[in-house]
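Content type mmCIF, C-alpha atoms, from the file target13.cif:
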data_data
loop_
_atom_site.label_atom_id
_atom_site.label_comp_id
_atom_site.auth_asym_id
_atom_site.auth_seq_id
_atom_site.Cartn_x
_atom_site.Cartn_y
_atom_site.Cartn_z
CA MET A 143 -22.58 -29.34 -32.82
CA GLY A 144 -26.24 -28.91 -31.93
CA GLN A 145 -28.48 -26.93 -34.17
CA ASP A 146 -29.49 -24.90 -31.13
CA SER A 147 -26.17 -24.66 -29.33
CA VAL A 148 -24.60 -21.33 -28.49
CA SER A 149 -21.42 -20.90 -30.53
CA THR A 150 -18.77 -19.81 -28.04
CA PRO A 151 -15.48 -17.99 -28.61
CA ARG A 152 -12.68 -20.35 -29.54
CA LEU A 153 -9.53 -20.51 -27.46
CA SER A 154 -6.22 -20.56 -29.31
CA PHE A 155 -3.12 -22.23 -27.95
CA GLY A 156 -0.61 -21.16 -30.59
CA PRO A 157 2.83 -19.79 -29.75
CA GLU A 158 1.69 -16.28 -30.58
CA GLN A 159 -0.55 -16.37 -27.50
CA ASP A 160 1.89 -17.09 -24.69
CA GLY A 161 0.05 -14.96 -22.18
CA ALA A 162 2.04 -11.79 -22.80
CA ASP A 163 -1.06 -9.86 -23.82
CA GLU A 164 -3.39 -11.54 -21.34
CA THR A 165 -4.41 -10.41 -17.87
CA PRO A 166 -2.15 -12.39 -15.50
CA GLU A 167 -3.87 -15.31 -13.81
CA THR A 168 -3.71 -15.55 -10.04
CA GLY A 169 -3.82 -18.45 -7.62
CA THR A 170 -1.90 -21.73 -7.56
CA PRO A 171 0.48 -22.79 -10.34
CA TYR A 172 -2.27 -25.14 -11.55
CA ALA A 173 -4.78 -22.30 -11.73
CA GLN A 174 -2.32 -20.19 -13.67
CA TYR A 175 -1.41 -23.00 -16.07
CA VAL A 176 -4.98 -23.88 -17.07
CA ARG A 177 -6.23 -20.29 -16.67
CA LEU A 178 -8.94 -21.27 -14.22
CA GLU A 179 -10.04 -17.72 -13.50
CA THR A 180 -10.65 -17.07 -17.20
CA LEU A 181 -12.18 -20.50 -17.81
CA HIS A 182 -14.73 -20.17 -15.01
CA SER A 183 -15.67 -16.64 -16.06
CA LEU A 184 -17.01 -17.68 -19.48
CA GLN A 185 -20.43 -18.96 -18.39
CA HIS A 186 -23.12 -16.30 -18.56
CA PRO A 187 -26.66 -17.69 -18.61
CA ARG A 188 -29.23 -15.29 -20.03
CA SER A 189 -32.12 -16.79 -18.09
CA LYS A 190 -32.79 -18.11 -14.62
CA VAL A 191 -33.50 -21.62 -15.91
CA ASP A 192 -31.17 -24.15 -14.28
CA ALA A 193 -30.83 -26.21 -17.45
CA GLU A 194 -29.26 -23.32 -19.36
CA LEU A 195 -25.99 -23.56 -17.42
CA SER A 196 -25.62 -27.22 -18.37
CA PHE A 197 -26.37 -26.28 -21.96
CA ILE A 198 -23.69 -23.56 -22.04
CA ILE A 199 -20.97 -25.59 -20.31
CA THR A 200 -21.56 -28.66 -22.47
CA THR A 201 -21.42 -26.54 -25.60
CA GLN A 202 -18.19 -24.87 -24.48
CA VAL A 203 -16.63 -28.26 -23.71
CA MET A 204 -17.61 -29.44 -27.20
CA GLU A 205 -15.94 -26.39 -28.72
CA LEU A 206 -12.68 -27.09 -26.86
CA LEU A 207 -12.80 -30.72 -27.95
CA PHE A 208 -13.31 -29.57 -31.55
CA ASP A 209 -10.03 -27.68 -31.24
CA LEU A 210 -8.28 -30.73 -29.81
CA LEU A 211 -9.62 -32.95 -32.58
CA ARG A 212 -8.48 -30.44 -35.16
CA HIS A 213 -4.99 -30.62 -33.63
CA GLU A 214 -4.90 -34.43 -33.86
CA TRP A 215 -6.21 -34.55 -37.43
CA THR A 216 -3.76 -31.85 -38.50
CA THR A 217 -0.94 -33.87 -36.92
CA ALA A 218 -2.16 -36.94 -38.80
CA GLN A 219 -2.22 -35.00 -42.06
CA HIS A 220 1.35 -33.81 -41.60
CA ALA A 221 2.49 -37.34 -40.77
CA LEU A 222 0.79 -38.74 -43.87
CA ARG A 223 2.46 -36.06 -45.97
CA GLU A 224 5.82 -37.18 -44.56
CA ASP A 225 5.01 -40.88 -45.17
CA ASP A 226 5.22 -41.46 -41.42
CA LEU A 227 2.44 -43.96 -40.83
CA THR A 228 3.50 -44.64 -37.24
CA ALA A 229 2.90 -41.01 -36.29
CA ALA A 230 -0.29 -40.90 -38.36
CA PHE A 231 -1.69 -43.96 -36.57
CA ALA A 232 -0.88 -42.43 -33.18
CA ALA A 233 -2.61 -39.14 -34.02
CA LEU A 234 -5.68 -40.87 -35.44
CA ARG A 235 -5.88 -43.09 -32.36
CA ARG A 236 -5.74 -40.07 -30.05
CA GLY A 237 -8.37 -38.45 -32.22
CA THR A 238 -10.75 -41.37 -31.81
CA HIS A 239 -10.57 -40.96 -28.04
CA VAL A 240 -11.50 -37.29 -28.43
CA GLN A 241 -14.39 -38.33 -30.68
CA ASP A 242 -15.59 -40.83 -28.06
CA VAL A 243 -15.77 -38.07 -25.45
CA LEU A 244 -17.58 -35.80 -27.90
CA ILE A 245 -20.15 -38.49 -28.61
CA SER A 246 -20.67 -39.09 -24.89
CA SER A 247 -21.08 -35.36 -24.26
CA TRP A 248 -24.53 -35.58 -25.82
CA ASP A 249 -25.59 -37.46 -22.69
CA LEU A 250 -25.53 -34.14 -20.85
CA LEU A 251 -28.05 -32.62 -23.25
CA ALA A 252 -30.14 -35.56 -24.42
CA THR A 253 -32.20 -35.83 -21.24
CA MET A 254 -33.15 -32.15 -21.22
CA THR A 255 -36.93 -32.11 -21.45
CA PRO A 256 -38.71 -30.10 -24.15
CA GLY A 257 -40.11 -27.89 -21.41
CA GLU A 258 -36.68 -27.15 -19.97
CA PHE A 259 -35.21 -26.28 -23.35
CA THR A 260 -38.18 -24.20 -24.44
CA SER A 261 -38.02 -22.21 -21.20
CA PHE A 262 -34.68 -20.63 -22.19
CA ARG A 263 -34.55 -21.14 -25.96
CA GLU A 264 -35.79 -17.63 -26.64
CA VAL A 265 -32.67 -16.08 -25.08
CA LEU A 266 -30.49 -17.79 -27.70
CA GLY A 267 -31.86 -15.46 -30.36
CA GLU A 268 -30.33 -16.51 -33.68
CA ALA A 269 -27.36 -18.27 -32.06
CA SER A 270 -26.96 -21.82 -33.34
CA GLY A 271 -24.33 -24.52 -33.23
CA PHE A 272 -24.62 -24.57 -37.00
CA GLN A 273 -22.56 -21.36 -36.82
CA SER A 274 -19.61 -23.05 -35.08
CA SER A 275 -16.50 -22.27 -37.13
CA ALA A 276 -14.52 -24.93 -35.24
CA PHE A 277 -17.00 -27.61 -36.24
CA LEU A 278 -17.14 -26.44 -39.85
CA ARG A 279 -13.35 -26.61 -39.96
CA LEU A 280 -13.58 -30.28 -38.96
CA GLU A 281 -16.19 -30.92 -41.64
CA PHE A 282 -13.85 -29.43 -44.26
CA MET A 283 -11.03 -31.63 -42.95
CA LEU A 284 -13.29 -34.65 -43.49
CA GLY A 285 -13.98 -33.62 -47.08
CA ASN A 286 -17.49 -32.32 -46.38
CA LYS A 287 -16.85 -29.01 -48.13
CA ASN A 288 -19.41 -26.39 -49.07
CA ALA A 289 -18.20 -22.94 -50.11
CA SER A 290 -21.60 -21.34 -49.55
CA LEU A 291 -21.29 -21.91 -45.79
CA LEU A 292 -18.53 -19.30 -45.63
CA GLU A 293 -21.09 -16.55 -46.17
CA MET A 294 -22.14 -16.59 -42.52
CA TYR A 295 -18.61 -15.50 -41.53
CA GLN A 296 -18.40 -12.43 -43.76
CA GLY A 297 -18.47 -10.25 -40.65
CA SER A 298 -15.48 -12.09 -39.14
CA PRO A 299 -12.58 -11.65 -41.57
CA ALA A 300 -10.09 -13.74 -39.60
CA VAL A 301 -12.45 -16.71 -39.30
CA HIS A 302 -13.56 -16.34 -42.91
CA GLY A 303 -9.93 -16.36 -44.03
CA GLU A 304 -9.07 -19.43 -41.98
CA LEU A 305 -12.04 -21.36 -43.31
CA THR A 306 -11.27 -20.30 -46.87
CA VAL A 307 -7.81 -21.80 -46.50
CA ALA A 308 -9.35 -24.98 -45.08
CA LEU A 309 -11.82 -25.14 -47.97
CA HIS A 310 -9.00 -25.20 -50.51
CA ALA A 311 -6.63 -27.38 -48.49
CA PRO A 312 -6.39 -31.18 -48.88
CA SER A 313 -8.67 -33.10 -46.54
CA LEU A 314 -7.49 -35.86 -44.24
CA TYR A 315 -8.70 -38.37 -46.82
CA ASP A 316 -6.92 -36.50 -49.63
CA GLU A 317 -3.65 -36.87 -47.74
CA ALA A 318 -4.27 -40.59 -47.27
CA LEU A 319 -5.02 -41.11 -50.96
CA ALA A 320 -1.91 -39.14 -51.92
CA LEU A 321 0.14 -41.48 -49.75
CA LEU A 322 -1.41 -44.50 -51.49
CA ALA A 323 -0.36 -43.01 -54.83
CA ARG A 324 3.20 -42.53 -53.59
CA ARG A 325 3.19 -46.16 -52.47
CA GLY A 326 2.38 -47.31 -56.00
CA VAL A 327 -1.41 -47.66 -55.79
CA ALA A 328 -3.16 -46.02 -58.74
CA VAL A 329 -5.72 -43.70 -57.19
CA PRO A 330 -7.08 -40.20 -57.99
CA HIS A 331 -6.40 -37.79 -55.15
CA GLU A 332 -6.83 -34.22 -56.32
CA PRO A 333 -8.31 -32.06 -53.53
CA GLY A 334 -11.40 -30.02 -54.35
CA THR A 335 -13.64 -27.40 -52.80
CA ALA A 336 -16.88 -29.42 -52.99
CA ARG A 337 -18.14 -32.34 -50.93
CA TYR A 338 -16.16 -35.48 -51.64
CA ARG A 339 -18.06 -38.02 -53.69
CA ALA A 340 -17.44 -41.77 -53.88
CA ASN A 341 -15.16 -42.83 -56.70
CA GLU A 342 -15.01 -46.32 -58.23
CA GLU A 343 -11.25 -46.04 -58.82
CA VAL A 344 -10.69 -45.26 -55.16
CA GLU A 345 -12.81 -48.23 -54.14
CA ALA A 346 -10.80 -50.46 -56.48
CA ALA A 347 -7.60 -49.18 -54.90
CA TRP A 348 -8.79 -50.06 -51.41
CA ARG A 349 -9.94 -53.48 -52.65
CA LEU A 350 -6.42 -54.11 -53.97
CA ILE A 351 -4.89 -53.01 -50.68
CA TYR A 352 -7.16 -55.14 -48.52
CA THR A 353 -6.53 -58.27 -50.61
CA ASP A 354 -2.74 -57.90 -50.92
CA PRO A 355 -0.83 -59.20 -47.86
CA GLU A 356 2.20 -57.15 -48.90
CA ARG A 357 0.16 -53.98 -48.42
CA ALA A 358 -0.94 -54.80 -44.86
CA GLU A 359 0.33 -51.47 -43.52
CA LEU A 360 -1.89 -49.59 -45.96
CA ALA A 361 -4.84 -51.79 -44.99
CA ARG A 362 -4.14 -50.78 -41.40
CA LEU A 363 -4.36 -47.16 -42.52
CA GLY A 364 -7.75 -47.89 -44.04
CA GLU A 365 -8.95 -49.34 -40.76
CA ALA A 366 -7.61 -46.36 -38.78
CA LEU A 367 -9.47 -44.00 -41.09
CA LEU A 368 -12.61 -46.10 -40.76
CA ASP A 369 -12.34 -45.88 -36.96
CA THR A 370 -12.51 -42.11 -37.42
CA ALA A 371 -15.33 -42.30 -39.98
CA GLU A 372 -17.44 -44.60 -37.82
CA ARG A 373 -17.22 -42.18 -34.91
CA VAL A 374 -18.31 -39.34 -37.20
CA THR A 375 -21.43 -41.37 -37.95
CA ARG A 376 -21.99 -42.10 -34.26
CA TRP A 377 -21.68 -38.38 -33.47
CA ARG A 378 -24.24 -37.47 -36.12
CA GLN A 379 -26.66 -40.16 -35.03
CA ARG A 380 -26.33 -39.16 -31.37
CA HIS A 381 -26.82 -35.52 -32.35
CA TYR A 382 -29.94 -36.39 -34.31
CA SER A 383 -31.51 -38.49 -31.55
CA SER A 384 -30.69 -35.90 -28.86
CA VAL A 385 -32.30 -33.06 -30.80
CA LYS A 386 -35.28 -35.24 -31.70
CA ARG A 387 -35.84 -36.02 -28.03
CA THR A 388 -35.33 -32.46 -26.79
CA MET A 389 -37.08 -30.33 -29.41
CA GLY A 390 -38.64 -32.63 -32.00
CA ALA A 391 -38.94 -31.27 -35.54
CA LYS A 392 -38.92 -27.56 -34.64
CA PRO A 393 -36.69 -25.38 -36.89
CA GLY A 394 -33.23 -24.60 -35.54
CA THR A 395 -32.66 -21.21 -33.89
CA GLY A 396 -30.26 -20.21 -36.68
CA GLY A 397 -32.92 -20.84 -39.31
CA SER A 398 -31.72 -24.32 -40.27
CA SER A 399 -34.14 -27.15 -41.01
CA GLY A 400 -33.24 -28.77 -37.70
CA LEU A 401 -34.12 -32.44 -37.55
CA THR A 402 -34.37 -32.89 -41.33
CA TRP A 403 -30.85 -31.57 -41.86
CA LEU A 404 -29.47 -33.72 -39.05
CA LYS A 405 -31.08 -36.87 -40.46
CA GLN A 406 -29.60 -36.22 -43.90
CA SER A 407 -26.19 -35.64 -42.34
CA ALA A 408 -26.40 -38.85 -40.29
CA ASP A 409 -27.09 -40.84 -43.44
CA GLN A 410 -23.94 -39.64 -45.24
CA ASP A 411 -20.75 -41.61 -44.75
CA VAL A 412 -17.34 -39.98 -44.78
CA PHE A 413 -14.51 -41.81 -46.57
CA PRO A 414 -17.28 -43.67 -48.43
CA GLU A 415 -15.14 -46.23 -50.30
CA LEU A 416 -13.89 -47.65 -47.00
CA TRP A 417 -17.52 -48.61 -46.34
CA THR A 418 -18.56 -49.83 -49.77
CA VAL A 419 -15.43 -51.91 -50.40
CA ARG A 420 -16.45 -54.22 -47.57
CA SER A 421 -19.15 -55.72 -49.76
CA GLU A 422 -16.42 -56.84 -52.17
CA LEU A 423 -14.04 -58.46 -49.69
#
Can I see the file as structure tokens?
Amino acid sequence: MGQDSVSTPRLSFGPEQDGADETPETGTPYAQYVRLETLHSLQHPRSKVDAELSFIITTQVMELLFDLLRHEWTTAQHALREDDLTAAFAALRRGTHVQDVLISSWDLLATMTPGEFTSFREVLGEASGFQSSAFLRLEFMLGNKNASLLEMYQGSPAVHGELTVALHAPSLYDEALALLARRGVAVPHEPGTARYRANEEVEAAWRLIYTDPERAELARLGEALLDTAERVTRWRQRHYSSVKRTMGAKPGTGGSSGLTWLKQSADQDVFPELWTVRSEL
């Protein structure tokens, strides 16, 4: 999520929201199914700058894709917990396609000139993509946990509660490591509430897996996770270059360090042992 993106309301698709408490949609069956009237009523530019509409719509699309990616990663976690690697592979594969679209979505913002962005930036106030709860939920699912980030949601009890649960829950990588342990590979896999750090024992476990033909299915899991991890890196790099082109090193609207923070993030690998073990194979 961009440091200067407007964080939009998230849409929930759970069974508790079956439309019973919503204003009925009108129009064709298609319009009713995808709630077109509601969807197209969510864009409210605060300026008369043409580029702001593109900025809002792209940000809203990103938010919806964050929800879809969360769904796929959650499905993958459940499958790993049930030792169902076939279902886990399918969910991770679908997730990589979502990630590819997310990465490409930066194309809509990257060519915005500094002048265009500056002309409506003031209307954002303190709104920043750094405040996106959907994106932070994904970061927690990747193992990039930081309890202090929950402070910005103190005024939103429901969101704060959801993120607190995510903070304490096993990450996607935790679930994968737990499966390795159940398959007889000695590996530490206790979930924590801090950012995951590389572990030599975990790297040794992956080295064993990659060099043992009888553990080919687990090696395939490693590659599926790395497909996800690589796209996380691509997203961060694309985010960094887009912001650098559009606004340079200016501070983010939400008070973040902007470009400096993005560069640090882009340099950090998720599932780090899957990267470092390659030097040993």
Residue IDs satisfying the PyMOL selection byres ((chain A and resi 417) around 12), as a list in words: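 Here the PyMOL selection byres ((chain A and resi 417) around 12) matches Ala340, Val344, Glu345, Trp348, Arg349, Gly364, Glu365, Leu367, Leu368, Asp369, Ala371, Glu372, Thr375, Gln410, Asp411, Val412, Phe413, Pro414, Glu415, Leu416, Thr418, Val419, Arg420, Ser421, Glu422 and Leu423 of chain A.
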Please, what distance in Å, to one decimal, runs between CA of Thr228 in chain A and CA of Leu207 in chain A?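 Interatomic distance here is 23.4 Å.
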Enumerate, in order of chain and increasing residue number, the residues of range 257-357 of chain A with an atom no farther than 8 Å from range 381-395 of chain A, each with its shortest atom pair and distance in Å to one decimal, counting all atoms listed in the file, as a tab-separated table.
residue	atom	partner	partner_atom	distance
A:Phe259	CA	A:Thr388	CA	7.1
A:Thr260	CA	A:Met389	CA	8.0
A:Leu266	CA	A:Thr395	CA	7.4
A:Gly267	CA	A:Thr395	CA	6.8
A:Glu268	CA	A:Thr395	CA	5.3
A:Ala269	CA	A:Thr395	CA	6.3
A:Ser270	CA	A:Thr395	CA	5.8
Find the distance between CA of Tyr295 in chain A and CA of Ala308 in chain A and write it in Å to one decimal.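 Computing it gives 13.7 Å between the two atoms.
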When you draw a straight line from CA of Pro330 in chain A to CA of Glu342 in chain A, how long is it in Å?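 Between CA of Pro330 in chain A and CA of Glu342 in chain A the gap is 10.0 Å.
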Quick check on the file I pasted: which residues fall under the PyMOL selection byres ((chain A and resi 178-186) around 7)? Write them as a PyMOL selection string. chain A and resi 167+173-174+176-177+187-188+198-199
Considering only C-alpha atoms, state which residue in the set A:Trp215, A:Trp377, A:Phe272, A:Phe277 is at the smallest distance from Tyr315 in chain A. A:Trp215
Spell out the residues picked by the PyMOL selection byres ((chain A and resi 292) around 12) here, as a PyMOL selection string. chain A and resi 272-275+278-279+282+287-291+293-309+335
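Across A:Leu404, A:Ala346, A:Leu314, A:Leu321, the tightest approach to Glu224 in chain A is made by A:Leu321 when counting only C-alpha atoms.
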Distance query Gly285 in chain A at most 6 Å, all atoms listed in the file, self and fewer than 6 positions along chain excluded, as a PDB file with C-alpha atoms, keeping the file's coordinate frame:
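Writing done, so here's around.pdb:
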ATOM      1  CA  SER A 313      -8.670 -33.100 -46.540  1.00  0.00           C
ATOM      2  CA  ARG A 337     -18.140 -32.340 -50.930  1.00  0.00           C
ATOM      3  CA  TYR A 338     -16.160 -35.480 -51.640  1.00  0.00           C
TER       4      TYR A 338
END
Centre, x/y/z edge lengths, axis-aligned box for range 182-186 of chain A with 5 Å per side, as JSON:
{"center_x": -18.9, "center_y": -18.2, "center_z": -17.2, "size_x": 18.4, "size_y": 13.9, "size_z": 14.5}
Between A:Ser246, A:Thr216, A:Thr353, A:Thr370, which has the minimum distance to Val203 in chain A (counting all atoms listed in the file)? A:Ser246
From the set A:Ala232, A:His310, A:Leu322, A:Gln219, which residue has the shortest atom-to-atom contact distance to Glu359 in chain A, counting only C-alpha atoms?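 Once distances to Glu359 in chain A are computed over only C-alpha atoms, the minimum belongs to A:Leu322.
Among the candidates A:Thr253, A:Glu214, A:Arg236, A:Ala318, the one nearest to His331 in chain A when counting all atoms listed in the file is A:Ala318.
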Could you give me, as a ChimeraX atom specification, the residues that have an atom at most 12 Å away from the point (4.1, -39.4, -47.2) in the coordinates of the file, using all atoms listed in the file? /A:218-230,316-326,360
Go through A:Met204, A:Met283, A:Ala408, A:Ala233 one by one, measure the shortest atom-to-atom distance of each to Ser247 in chain A using only C-alpha atoms, and give the residue with the smallest value. A:Met204
